[in-house]
file query_2.txt (compact mmCIF, C-alpha atoms)
# COMPACT_ATOMS: atom_id res chain seq x y z
CA MET A 11 -19.32 36.60 -15.64
CA SER A 12 -16.00 35.60 -14.14
CA PRO A 13 -12.93 37.75 -14.73
CA THR A 14 -10.55 36.32 -17.28
CA ILE A 15 -6.98 36.89 -18.33
CA LYS A 16 -6.22 36.86 -22.00
CA ALA A 17 -2.47 37.19 -21.55
CA PRO A 18 -1.59 33.51 -21.89
CA LEU A 19 -4.33 32.86 -24.43
CA LEU A 20 -4.76 33.33 -28.14
CA PRO A 21 -5.94 36.68 -29.47
CA ASN A 22 -9.46 36.72 -30.83
CA GLN A 23 -9.42 35.84 -34.52
CA GLU A 24 -11.90 34.73 -37.07
CA PRO A 25 -11.81 30.98 -37.80
CA SER A 26 -11.13 31.74 -41.41
CA SER A 27 -8.04 33.78 -40.66
CA SER A 28 -5.07 32.55 -42.60
CA SER A 29 -2.84 32.87 -39.55
CA SER A 30 -5.14 31.05 -37.13
CA SER A 31 -3.50 27.68 -37.62
CA GLU A 32 -0.11 29.22 -36.92
CA SER A 33 -1.35 30.76 -33.67
CA HIS A 34 -2.28 27.49 -32.01
CA GLY A 35 0.14 25.59 -29.84
CA SER A 36 1.20 22.07 -30.78
CA PHE A 37 0.36 18.88 -28.91
CA ALA A 38 4.05 18.07 -28.48
CA GLY A 39 4.67 21.54 -27.09
CA ALA A 40 1.82 21.04 -24.62
CA VAL A 41 3.29 17.73 -23.47
CA PHE A 42 6.72 19.27 -22.92
CA ASN A 43 5.32 22.34 -21.14
CA ILE A 44 3.21 20.25 -18.75
CA SER A 45 6.00 17.73 -18.20
CA THR A 46 8.41 20.54 -17.42
CA SER A 47 5.88 22.04 -14.99
CA ILE A 48 5.73 18.69 -13.20
CA VAL A 49 9.43 17.82 -13.10
CA GLY A 50 10.96 20.58 -11.02
CA ALA A 51 12.88 20.65 -7.77
CA GLY A 52 10.62 17.90 -6.43
CA ILE A 53 12.49 15.24 -8.38
CA MET A 54 15.48 15.61 -6.05
CA SER A 55 13.36 14.75 -3.01
CA ILE A 56 11.90 11.56 -4.46
CA PRO A 57 14.91 9.38 -3.40
CA ALA A 58 14.51 10.65 0.18
CA ALA A 59 10.85 9.65 0.03
CA PHE A 60 11.98 6.16 -1.02
CA LYS A 61 14.25 6.07 2.02
CA VAL A 62 11.38 6.93 4.35
CA LEU A 63 8.57 4.96 2.72
CA GLY A 64 10.40 2.00 1.24
CA VAL A 65 10.45 0.98 -2.42
CA ILE A 66 7.03 -0.65 -2.81
CA PRO A 67 4.96 2.01 -0.95
CA SER A 68 6.85 4.80 -2.76
CA ILE A 69 6.15 3.44 -6.23
CA SER A 70 2.54 2.72 -5.23
CA ILE A 71 2.03 6.28 -3.97
CA ILE A 72 3.64 7.72 -7.12
CA VAL A 73 1.19 5.74 -9.28
CA ILE A 74 -1.82 6.73 -7.14
CA ILE A 75 -0.93 10.42 -7.01
CA ALA A 76 -0.17 10.45 -10.75
CA TRP A 77 -3.62 9.01 -11.44
CA LEU A 78 -5.32 11.45 -9.07
CA SER A 79 -3.43 14.38 -10.63
CA ASN A 80 -4.61 13.37 -14.08
CA VAL A 81 -8.19 13.02 -12.82
CA SER A 82 -8.16 16.38 -11.04
CA ALA A 83 -6.81 18.10 -14.17
CA GLY A 84 -9.73 16.56 -16.06
CA PHE A 85 -12.13 17.93 -13.46
CA LEU A 86 -10.70 21.41 -13.98
CA MET A 87 -10.92 21.45 -17.77
CA LYS A 88 -14.39 19.88 -17.89
CA SER A 89 -15.77 22.42 -15.42
CA THR A 90 -14.06 25.19 -17.40
CA LEU A 91 -15.52 24.28 -20.76
CA VAL A 92 -19.12 23.98 -19.52
CA GLY A 93 -18.93 27.53 -18.18
CA GLU A 94 -17.58 30.84 -19.44
CA SER A 95 -14.24 30.86 -17.65
CA THR A 96 -10.83 30.38 -19.18
CA THR A 97 -8.69 30.30 -16.02
CA TYR A 98 -8.43 28.33 -12.79
CA ALA A 99 -9.49 31.41 -10.82
CA GLY A 100 -12.47 31.93 -13.11
CA VAL A 101 -13.71 28.38 -12.49
CA MET A 102 -13.38 28.87 -8.75
CA LYS A 103 -15.35 32.11 -9.02
CA ASP A 104 -18.14 30.32 -10.89
CA SER A 105 -18.33 27.77 -8.07
CA PHE A 106 -17.54 29.77 -4.93
CA GLY A 107 -17.80 33.41 -5.90
CA LYS A 108 -15.09 36.02 -5.58
CA THR A 109 -13.74 34.37 -2.42
CA GLY A 110 -12.97 31.19 -4.35
CA ALA A 111 -11.24 33.10 -7.14
CA VAL A 112 -9.06 35.04 -4.71
CA ALA A 113 -8.25 31.87 -2.74
CA VAL A 114 -7.01 29.87 -5.73
CA THR A 115 -5.07 32.86 -7.05
CA ILE A 116 -3.26 33.39 -3.77
CA VAL A 117 -2.51 29.68 -3.29
CA SER A 118 -1.22 29.39 -6.87
CA MET A 119 0.99 32.41 -6.34
CA VAL A 120 2.39 30.95 -3.10
CA VAL A 121 3.17 27.65 -4.83
CA THR A 122 4.80 29.18 -7.90
CA PHE A 123 6.72 31.95 -6.14
CA GLY A 124 7.97 29.54 -3.47
CA SER A 125 9.08 27.11 -6.18
CA MET A 126 10.89 29.87 -8.06
CA ILE A 127 12.81 30.82 -4.92
CA ILE A 128 13.64 27.16 -4.24
CA PHE A 129 14.90 26.79 -7.81
CA SER A 130 17.07 29.88 -7.43
CA ILE A 131 18.52 28.65 -4.15
CA ILE A 132 19.42 25.24 -5.60
CA ILE A 133 20.96 26.86 -8.69
CA GLY A 134 23.01 29.02 -6.32
CA ASP A 135 24.08 25.90 -4.42
CA VAL A 136 25.17 24.19 -7.64
CA LEU A 137 27.12 27.20 -8.89
CA SER A 138 28.51 28.66 -5.68
CA GLY A 139 28.17 25.91 -3.06
CA ASN A 140 26.64 25.91 0.40
CA GLU A 141 27.32 24.79 3.94
CA LYS A 142 25.00 22.23 5.53
CA ASP A 143 25.36 20.70 9.00
CA GLY A 144 28.93 21.96 9.21
CA ILE A 145 29.88 20.34 5.90
CA VAL A 146 31.00 22.65 3.13
CA HIS A 147 29.70 21.68 -0.32
CA LEU A 148 31.72 23.38 -3.01
CA GLY A 149 29.95 24.78 -6.04
CA LEU A 150 31.01 24.09 -9.59
CA LEU A 151 32.52 27.54 -10.02
CA GLN A 152 34.69 27.11 -6.90
CA GLU A 153 35.83 23.67 -8.05
CA TRP A 154 36.70 24.88 -11.52
CA PHE A 155 38.18 28.33 -10.81
CA GLY A 156 38.73 28.55 -7.06
CA SER A 157 36.99 30.95 -4.69
CA HIS A 158 36.64 34.51 -5.97
CA TRP A 159 34.25 37.40 -5.41
CA TRP A 160 32.65 36.93 -8.83
CA ASN A 161 31.61 33.31 -8.20
CA THR A 162 29.89 33.93 -4.87
CA ARG A 163 26.16 33.19 -4.60
CA PHE A 164 25.17 36.84 -5.12
CA PHE A 165 27.08 37.42 -8.34
CA GLY A 166 26.46 33.92 -9.70
CA LEU A 167 22.70 34.30 -9.32
CA LEU A 168 22.80 37.89 -10.57
CA PHE A 169 24.40 36.71 -13.82
CA ILE A 170 21.75 33.97 -14.25
CA PHE A 171 18.86 36.34 -13.54
CA VAL A 172 20.07 39.07 -15.90
CA PHE A 173 21.32 37.03 -18.85
CA LEU A 174 19.08 33.95 -18.75
CA PHE A 175 15.92 34.43 -16.71
CA PHE A 176 15.17 37.95 -17.90
CA PRO A 177 15.05 37.12 -21.66
CA LEU A 178 12.99 33.97 -21.01
CA VAL A 179 10.37 35.63 -18.80
CA LEU A 180 9.71 38.20 -21.54
CA CYS A 181 7.91 35.50 -23.57
CA ARG A 182 4.23 36.43 -23.71
CA ARG A 183 2.88 33.12 -24.96
CA VAL A 184 3.63 29.88 -23.19
CA GLU A 185 3.96 28.03 -26.51
CA ARG A 186 7.15 29.99 -27.19
CA LEU A 187 8.68 28.22 -24.21
CA ALA A 188 8.08 24.81 -25.79
CA LEU A 189 11.69 24.49 -27.03
CA SER A 190 13.20 25.39 -23.66
CA SER A 191 10.70 23.03 -22.01
CA ALA A 192 11.75 20.21 -24.34
CA ILE A 193 15.43 20.81 -23.55
CA SER A 194 14.65 20.97 -19.84
CA PHE A 195 12.72 17.71 -19.95
CA LEU A 196 15.53 15.98 -21.86
CA LEU A 197 17.99 17.15 -19.19
CA ALA A 198 15.78 15.53 -16.55
CA LEU A 199 15.92 12.33 -18.61
CA LEU A 200 19.71 12.68 -18.74
CA PHE A 201 19.83 12.75 -14.95
CA VAL A 202 17.70 9.58 -14.81
CA VAL A 203 19.92 7.85 -17.40
CA ILE A 204 23.13 8.72 -15.53
CA SER A 205 21.66 7.57 -12.22
CA SER A 206 20.47 4.35 -13.85
CA VAL A 207 23.87 3.64 -15.40
CA LEU A 208 25.64 4.33 -12.11
CA ALA A 209 23.23 2.05 -10.25
CA ILE A 210 23.66 -0.75 -12.78
CA ILE A 211 27.45 -0.45 -12.56
CA ALA A 212 27.21 -0.53 -8.77
CA ILE A 213 24.99 -3.62 -8.95
CA VAL A 214 27.51 -5.40 -11.19
CA GLN A 215 30.34 -4.44 -8.82
CA GLY A 216 28.31 -5.40 -5.76
CA LYS A 217 28.49 -1.89 -4.30
CA THR A 218 24.79 -1.02 -4.11
CA LYS A 219 23.06 -0.44 -0.80
CA THR A 220 20.35 -2.85 0.29
CA PRO A 221 17.05 -0.99 -0.12
CA ARG A 222 14.10 -1.39 2.20
CA LEU A 223 11.00 -2.63 0.41
CA PHE A 224 8.77 -1.34 3.21
CA PRO A 225 9.17 1.41 5.84
CA ASP A 226 10.94 0.74 9.12
CA LEU A 227 8.42 1.24 11.94
CA ASN A 228 10.59 -0.05 14.78
CA ASP A 229 10.75 3.41 16.35
CA GLY A 230 7.06 3.41 17.23
CA GLY A 231 4.28 5.88 16.53
CA LEU A 232 6.42 8.77 15.36
CA SER A 233 7.91 6.61 12.61
CA PHE A 234 4.42 5.74 11.42
CA PHE A 235 3.27 9.36 11.30
CA SER A 236 6.51 10.42 9.64
CA LEU A 237 5.32 8.45 6.60
CA PHE A 238 2.74 11.17 6.07
CA THR A 239 5.46 13.82 5.83
CA ALA A 240 6.99 11.99 2.86
CA SER A 241 3.73 11.72 0.92
CA PRO A 242 3.34 15.52 0.43
CA VAL A 243 6.79 15.53 -1.17
CA ILE A 244 5.40 13.31 -3.93
CA VAL A 245 2.22 15.38 -4.12
CA THR A 246 4.34 18.51 -4.58
CA ALA A 247 6.24 16.76 -7.36
CA PHE A 248 2.97 16.32 -9.31
CA THR A 249 1.60 19.85 -8.93
CA PHE A 250 1.15 21.36 -12.38
CA HIS A 251 -2.50 22.43 -12.32
CA PHE A 252 -1.75 26.16 -12.45
CA ASN A 253 -0.50 25.69 -16.03
CA VAL A 254 -3.35 23.51 -17.35
CA HIS A 255 -5.44 26.46 -18.53
CA PRO A 256 -2.67 28.54 -20.18
CA VAL A 257 -1.43 25.48 -22.07
CA GLY A 258 -4.89 24.14 -22.90
CA PHE A 259 -6.33 27.33 -24.34
CA GLU A 260 -3.41 27.76 -26.69
CA LEU A 261 -4.33 24.47 -28.39
CA LYS A 262 -6.82 24.35 -31.26
CA ASP A 263 -9.06 22.18 -29.11
CA PRO A 264 -8.59 22.88 -25.37
CA LEU A 265 -9.72 19.33 -24.58
CA ASP A 266 -6.50 18.07 -26.17
CA VAL A 267 -4.71 19.23 -23.03
CA LEU A 268 -6.22 16.22 -21.24
CA SER A 269 -4.41 13.83 -23.56
CA ALA A 270 -1.25 15.88 -23.19
CA THR A 271 -1.64 15.75 -19.42
CA ARG A 272 -2.09 11.99 -19.47
CA VAL A 273 1.09 11.50 -21.52
CA SER A 274 3.01 13.91 -19.30
CA VAL A 275 1.88 12.28 -16.06
CA ILE A 276 2.87 8.81 -17.30
CA LEU A 277 6.29 10.07 -18.42
CA CYS A 278 6.93 11.88 -15.15
CA ALA A 279 5.72 8.97 -13.00
CA THR A 280 8.21 6.75 -14.84
CA ILE A 281 11.00 9.31 -14.33
CA TYR A 282 10.21 9.68 -10.62
CA SER A 283 10.10 5.93 -10.03
CA ALA A 284 13.40 5.38 -11.82
CA THR A 285 15.09 8.31 -10.08
CA GLY A 286 13.92 7.26 -6.64
CA LEU A 287 14.84 3.62 -7.08
CA PHE A 288 18.27 4.05 -8.66
CA CYS A 289 19.40 6.88 -6.36
CA TYR A 290 18.21 4.90 -3.34
CA LEU A 291 20.20 1.91 -4.60
CA LEU A 292 23.26 4.13 -4.94
CA PHE A 293 23.14 5.91 -1.58
CA GLY A 294 20.87 3.84 0.69
CA ASP A 295 20.20 5.35 4.11
CA SER A 296 22.74 8.11 3.42
CA THR A 297 20.36 9.57 0.80
CA MET A 298 19.95 13.26 1.59
CA THR A 299 16.80 15.35 1.39
CA ASP A 300 18.24 16.95 -1.73
CA VAL A 301 19.92 14.01 -3.43
CA LEU A 302 22.04 16.43 -5.43
CA MET A 303 24.21 16.78 -2.32
CA ASN A 304 25.08 13.09 -2.64
CA PHE A 305 26.74 13.87 -5.96
CA ASP A 306 29.03 16.48 -4.42
CA GLN A 307 32.74 15.64 -4.39
CA SER A 308 33.15 16.78 -0.80
CA THR A 309 30.88 13.95 0.42
CA ASN A 310 33.61 11.42 -0.50
CA SER A 311 31.38 9.91 -3.16
CA SER A 312 32.85 7.14 -5.30
CA ILE A 313 31.41 8.76 -8.39
CA GLY A 314 33.93 10.31 -10.75
CA SER A 315 34.30 14.06 -10.90
CA LEU A 316 33.14 14.16 -14.51
CA LEU A 317 29.83 12.45 -13.76
CA ASN A 318 29.45 14.64 -10.68
CA ASP A 319 29.73 17.73 -12.84
CA ILE A 320 27.40 16.38 -15.53
CA VAL A 321 24.72 15.54 -12.98
CA ARG A 322 24.85 18.93 -11.30
CA VAL A 323 25.15 20.97 -14.49
CA SER A 324 22.26 19.16 -16.18
CA TYR A 325 20.05 19.57 -13.13
CA ALA A 326 20.89 23.26 -12.75
CA ILE A 327 20.13 23.94 -16.42
CA HIS A 328 16.90 21.96 -16.05
CA LEU A 329 15.75 24.23 -13.22
CA MET A 330 16.82 27.33 -15.14
CA LEU A 331 14.53 26.32 -18.00
CA VAL A 332 11.60 25.44 -15.72
CA PHE A 333 11.81 28.86 -14.04
CA PRO A 334 10.14 30.88 -16.85
CA LEU A 335 7.14 28.53 -16.94
CA LEU A 336 6.49 29.16 -13.26
CA ASN A 337 6.99 32.87 -13.76
CA PHE A 338 4.44 32.78 -16.58
CA SER A 339 1.80 31.32 -14.28
CA LEU A 340 2.69 33.61 -11.37
CA ARG A 341 2.49 36.73 -13.54
CA ALA A 342 -0.88 35.68 -14.99
CA ASN A 343 -2.36 35.00 -11.55
CA LEU A 344 -1.06 38.27 -10.12
CA ASP A 345 -2.47 40.16 -13.09
CA GLU A 346 -5.89 38.57 -12.60
CA LEU A 347 -5.83 39.40 -8.91
CA LEU A 348 -4.80 43.04 -9.34
CA PHE A 349 -6.33 43.93 -12.72
CA PRO A 350 -9.36 41.66 -13.29
CA MET A 351 -11.13 44.03 -15.69
CA LYS A 352 -8.15 45.26 -17.68
CA ARG A 353 -7.41 44.41 -21.32
CA SER A 354 -5.10 41.60 -22.41
CA LEU A 355 -1.76 41.55 -20.62
CA VAL A 356 -0.08 40.82 -23.96
CA GLU A 357 -1.32 44.12 -25.34
CA ASP A 358 -0.43 46.23 -22.31
CA ASN A 359 3.34 46.77 -22.22
CA LYS A 360 3.24 48.98 -19.14
CA ARG A 361 1.37 46.37 -17.09
CA PHE A 362 3.41 43.49 -18.51
CA PHE A 363 6.78 44.98 -17.56
CA GLY A 364 5.34 46.43 -14.36
CA LEU A 365 4.59 42.91 -13.18
CA THR A 366 7.60 41.13 -14.69
CA PHE A 367 10.34 43.27 -13.18
CA PRO A 368 9.14 43.29 -9.53
CA LEU A 369 8.53 39.52 -9.57
CA LEU A 370 11.99 38.79 -10.92
CA ILE A 371 13.70 41.18 -8.49
CA SER A 372 11.72 39.81 -5.52
CA CYS A 373 12.67 36.25 -6.39
CA PHE A 374 16.36 37.19 -6.65
CA LEU A 375 16.32 38.99 -3.30
CA GLY A 376 14.46 36.09 -1.68
CA ALA A 377 17.04 33.58 -2.90
CA ILE A 378 19.86 35.74 -1.53
CA ALA A 379 18.22 36.59 1.80
CA ILE A 380 16.98 33.05 2.54
CA PRO A 381 19.79 30.63 1.64
CA ASP A 382 17.96 27.53 2.88
CA ILE A 383 14.15 27.32 3.06
CA TRP A 384 13.84 23.60 2.37
CA TYR A 385 11.99 22.71 5.58
CA PHE A 386 9.78 25.77 5.29
CA PHE A 387 8.79 24.78 1.78
CA GLN A 388 8.21 21.19 2.88
CA PHE A 389 5.72 22.49 5.44
CA LEU A 390 4.16 24.74 2.81
CA GLY A 391 3.99 21.84 0.37
CA SER A 392 1.72 19.86 2.68
CA THR A 393 -0.83 22.68 2.47
CA SER A 394 -0.68 24.78 -0.69
CA THR A 395 0.21 22.11 -3.24
CA VAL A 396 -2.35 19.65 -1.90
CA THR A 397 -4.94 22.41 -2.07
CA ILE A 398 -4.19 23.48 -5.63
CA ALA A 399 -3.89 19.91 -6.98
CA PHE A 400 -6.69 18.07 -5.20
CA ILE A 401 -8.81 20.02 -2.71
CA PHE A 402 -9.97 22.80 -5.05
CA PRO A 403 -10.68 20.53 -8.09
CA ALA A 404 -12.61 18.08 -5.88
CA ALA A 405 -14.59 20.93 -4.32
CA ILE A 406 -15.52 22.26 -7.78
CA VAL A 407 -16.90 18.86 -8.78
CA LEU A 408 -18.88 18.48 -5.56
CA ARG A 409 -20.23 22.02 -5.82
CA ASN A 410 -21.44 21.21 -9.38
CA VAL A 411 -22.88 24.66 -10.14
CA ASN A 412 -23.29 23.87 -13.85
CA GLY A 413 -24.67 20.38 -13.28
CA PHE A 414 -21.90 18.64 -15.20
CA SER A 415 -20.67 16.20 -12.54
CA THR A 416 -21.63 12.54 -12.80
CA LEU A 417 -22.17 10.28 -9.79
CA ARG A 418 -18.85 8.52 -10.44
CA GLU A 419 -17.01 11.85 -10.56
CA LYS A 420 -18.60 12.93 -7.29
CA ILE A 421 -17.52 9.71 -5.59
CA VAL A 422 -13.94 10.07 -6.87
CA ALA A 423 -13.91 13.74 -5.84
CA SER A 424 -15.17 12.87 -2.34
CA VAL A 425 -12.45 10.26 -1.85
CA MET A 426 -9.83 12.68 -3.23
CA LEU A 427 -10.97 15.43 -0.87
CA VAL A 428 -10.97 13.21 2.24
CA LEU A 429 -7.54 11.75 1.46
CA ALA A 430 -6.03 15.17 0.72
CA VAL A 431 -7.37 16.83 3.86
CA ALA A 432 -6.55 13.92 6.18
CA THR A 433 -3.02 13.45 4.84
CA SER A 434 -2.35 17.19 4.98
CA ILE A 435 -3.54 17.50 8.59
CA ILE A 436 -1.41 14.55 9.74
CA ALA A 437 1.63 15.84 7.84
CA ILE A 438 1.32 19.33 9.33
CA SER A 439 0.84 17.96 12.85
CA THR A 440 3.83 15.65 12.53
CA ASN A 441 6.03 18.46 11.16
CA ILE A 442 5.05 20.73 14.05
CA TYR A 443 5.68 17.98 16.61
CA THR A 444 9.06 17.10 15.08
CA PHE A 445 10.08 20.76 14.96
CA THR A 446 9.12 21.42 18.60
CA ALA A 447 10.83 18.19 19.74
CA THR A 448 14.01 19.24 17.93
CA GLU A 449 13.91 22.69 19.52
CA GLU A 450 13.58 21.18 23.01
CA ILE A 451 16.66 19.04 22.42

call {"tool": "encode", "arguments": {"input": "query_2.txt", "output": "structure tokens"}}
result
Amino acid sequence: MSPTIKAPLLPNQEPSSSSSSESHGSFAGAVFNISTSIVGAGIMSIPAAFKVLGVIPSISIIVIIAWLSNVSAGFLMKSTLVGESTTYAGVMKDSFGKTGAVAVTIVSMVVTFGSMIIFSIIIGDVLSGNEKDGIVHLGLLQEWFGSHWWNTRFFGLLFIFVFLFFPLVLCRRVERLALSSAISFLLALLFVVISSVLAIIAIVQGKTKTPRLFPDLNDGGLSFFSLFTASPVIVTAFTFHFNVHPVGFELKDPLDVLSATRVSVILCATIYSATGLFCYLLFGDSTMTDVLMNFDQSTNSSIGSLLNDIVRVSYAIHLMLVFPLLNFSLRANLDELLFPMKRSLVEDNKRFFGLTFPLLISCFLGAIAIPDIWYFFQFLGSTSTVTIAFIFPAAIVLRNVNGFSTLREKIVASVMLVLAVATSIIAISTNIYTFTATEEI
């Protein structure tokens, strides 16, 4: 039998229990939790992907990856329900033994912990500013109150970690984060609405940049291979599979998570397409890797200071509310790796706090010590996120230890596996070549 974690799941109750209906998560809560898991820091890189790929290929890749993500999530839940596992790691153990369980746990932890540090860094940039390529980007606190010791990155992040993150990460059931997830998702929609309005105004005034419908390959082979470095950015933006099991097994029928996933993927694909298109129309070839920098006043943007502040505040709050969802998954995976045979994490206060505090402190110290890990995470995204979203689910289907896979599913899984591995290898090779070429210059 595979090791399971009961921490994110429902306690064992009799079906006739009067409180059983109250213990189950709602469908709407599942949609918001999954949507919030999808829409994270990756949304700010989508416009840069549009700049590299062009409008038509970008939208096409978003649609394809959204469909593949939905299919791979279905693979995971179907393989889970035909066996005895209740977690991603448990399914991998059923298919590939202990090695598979450890592999998916470690990769999931790398993805979630790296994302949490990225979120913290961006929140620090929004609040306390940053310097990039010799250009100083002021944070909101500096713009509003001037530069002081208490609005530096260290103290700004310390306040957020103590008074916001800490209370949220103490939630022991993911369903309790549904309200914060809903607010976070609505803030992402607010960003899309503001970008859309600004783009429409710019169109009316004739100030929009002319977008490329297709990529510019005039620079030769390197330009062609650089297309593969943009694709993992979109893949990273659709990585939510580490939260499928915690969300699904809090529903009355775990299969309902597939419908919730489908709704979430469609919503997020629409948000990504709109964000990429409208921000690309606004900024054209000057679109930065983190488009939030384009909304900074010090970049001489034509956008008013009020809209600048609204965009940055809404995005920062959005990331703050996504953070506890990632922490939830990271804590569950770490608990399964270290204490596979222990009782429910919900019932063990010593183990719960013993995992929660070190993770939170490590993330804070990482965000302070590493002020800019964007390129590192981009390199990591072409490996870990592709693995967790596509390679592992496809491998489970092809392994077919419980005999549940149909011929059609095996064909789709084979294509998914080949595309994921090939794209990842090309992206890694191109990143290494670009990095070494830059160092030689």

call {"tool": "atom_distance", "arguments": {"input": "query_2.txt", "atom1": "atom CA of Cys373 of chain A", "atom2": "atom CA of Ile127 of chain A"}}
result
5.6 Å

call {"tool": "closest_residue", "arguments": {"input": "query_2.txt", "among": "A:Val92, A:Val245, A:Leu223, A:Ile438", "to": "Leu78 of chain A", "atoms": "only C-alpha atoms"}}
result
A:Val245

call {"tool": "residues_near_point", "arguments": {"input": "query_2.txt", "point": "(12.2, 13.7, -21.7)", "cutoff": "12 Å", "atoms": "only C-alpha atoms", "output": "MDAnalysis selection string"}}
result
chainID A and resid 38 41:46 48:49 190:203 273:282 328

call {"tool": "residues_around", "arguments": {"input": "query_2.txt", "residues": "segment 56-59 of chain A", "least_positions_apart": "2", "cutoff": "7 Å", "atoms": "all atoms listed in the file", "output": "number ranges by chain"}}
result
A: 52-54, 61-63, 68, 240, 244, 282, 285-287, 289-290, 297-299, 301

call {"tool": "axis_aligned_box", "arguments": {"input": "query_2.txt", "around": "segment 237-253 of chain A", "padding_each_side": "6 Å", "output": "AutoDock Vina command-line options"}}
result
--center_x 2.2 --center_y 17.3 --center_z -4.7 --size_x 21.5 --size_y 29.7 --size_z 34.6

call {"tool": "closest_residue", "arguments": {"input": "query_2.txt", "among": "A:Ala111, A:Leu208, A:Leu189, A:Val243", "to": "Asn318 of chain A", "atoms": "all atoms listed in the file"}}
result
A:Leu208

call {"tool": "residues_around", "arguments": {"input": "query_2.txt", "residues": "segment 340-346 of chain A", "least_positions_apart": "2", "cutoff": "10 Å", "atoms": "only C-alpha atoms", "output": "ChimeraX atom specification"}}
result
/A:13-18,97-100,111-112,114-123,126,179,252-253,256,334-338,348-352,354-355,361-362,365-366,369

call {"tool": "atom_distance", "arguments": {"input": "query_2.txt", "atom1": "atom CA of Ile133 of chain A", "atom2": "atom CA of Ala40 of chain A"}}
result
25.6 Å

call {"tool": "atom_distance", "arguments": {"input": "query_2.txt", "atom1": "atom CA of Trp154 of chain A", "atom2": "atom CA of Leu167 of chain A"}}
result
17.0 Å

call {"tool": "residues_around", "arguments": {"input": "query_2.txt", "residues": "Gly134 of chain A", "least_positions_apart": "5", "cutoff": "8 Å", "atoms": "all atoms listed in the file", "output": "JSON, numbers by chain"}}
result
{"A": [139, 163, 166, 167]}

call {"tool": "closest_residue", "arguments": {"input": "query_2.txt", "among": "A:Ala437, A:Phe400, A:Ile71, A:Val254", "to": "Arg272 of chain A", "atoms": "all atoms listed in the file"}}
result
A:Val254

call {"tool": "build_atoms", "arguments": {"input": "query_2.txt", "residues": "segment 218-222 of chain A", "atoms": "all heavy atoms", "output": "short mmCIF file (atom, residue, chain, number, x, y, z; two decimals), in the coordinates of the input"}}
result
data_model
loop_
_atom_site.label_atom_id
_atom_site.label_comp_id
_atom_site.auth_asym_id
_atom_site.auth_seq_id
_atom_site.Cartn_x
_atom_site.Cartn_y
_atom_site.Cartn_z
N THR A 218 26.06 -1.69 -4.41
CA THR A 218 24.79 -1.02 -4.11
C THR A 218 24.39 -1.25 -2.66
O THR A 218 24.79 -2.23 -2.03
CB THR A 218 23.67 -1.55 -5.01
OG1 THR A 218 23.59 -2.98 -4.89
CG2 THR A 218 23.91 -1.18 -6.45
N LYS A 219 23.60 -0.31 -2.15
CA LYS A 219 23.06 -0.44 -0.80
C LYS A 219 21.81 -1.32 -0.85
O LYS A 219 21.12 -1.38 -1.86
CB LYS A 219 22.71 0.94 -0.23
CG LYS A 219 23.81 1.98 -0.41
CD LYS A 219 25.05 1.62 0.38
CE LYS A 219 26.11 2.70 0.22
NZ LYS A 219 27.36 2.37 0.93
N THR A 220 21.54 -2.00 0.24
CA THR A 220 20.35 -2.85 0.29
C THR A 220 19.13 -1.98 0.60
O THR A 220 19.02 -1.40 1.68
CB THR A 220 20.48 -3.92 1.38
OG1 THR A 220 21.65 -4.71 1.11
CG2 THR A 220 19.26 -4.82 1.40
N PRO A 221 18.20 -1.87 -0.35
CA PRO A 221 17.05 -0.99 -0.12
C PRO A 221 15.98 -1.68 0.73
O PRO A 221 15.85 -2.91 0.72
CB PRO A 221 16.53 -0.75 -1.55
CG PRO A 221 16.87 -2.00 -2.28
CD PRO A 221 18.19 -2.47 -1.69
N ARG A 222 15.24 -0.86 1.46
CA ARG A 222 14.10 -1.39 2.20
C ARG A 222 12.88 -1.40 1.28
O ARG A 222 12.57 -0.40 0.64
CB ARG A 222 13.80 -0.52 3.42
CG ARG A 222 14.79 -0.70 4.56
CD ARG A 222 14.24 -0.07 5.84
NE ARG A 222 13.97 1.36 5.64
CZ ARG A 222 14.86 2.31 5.86
NH1 ARG A 222 16.09 1.99 6.28
NH2 ARG A 222 14.57 3.58 5.66
#
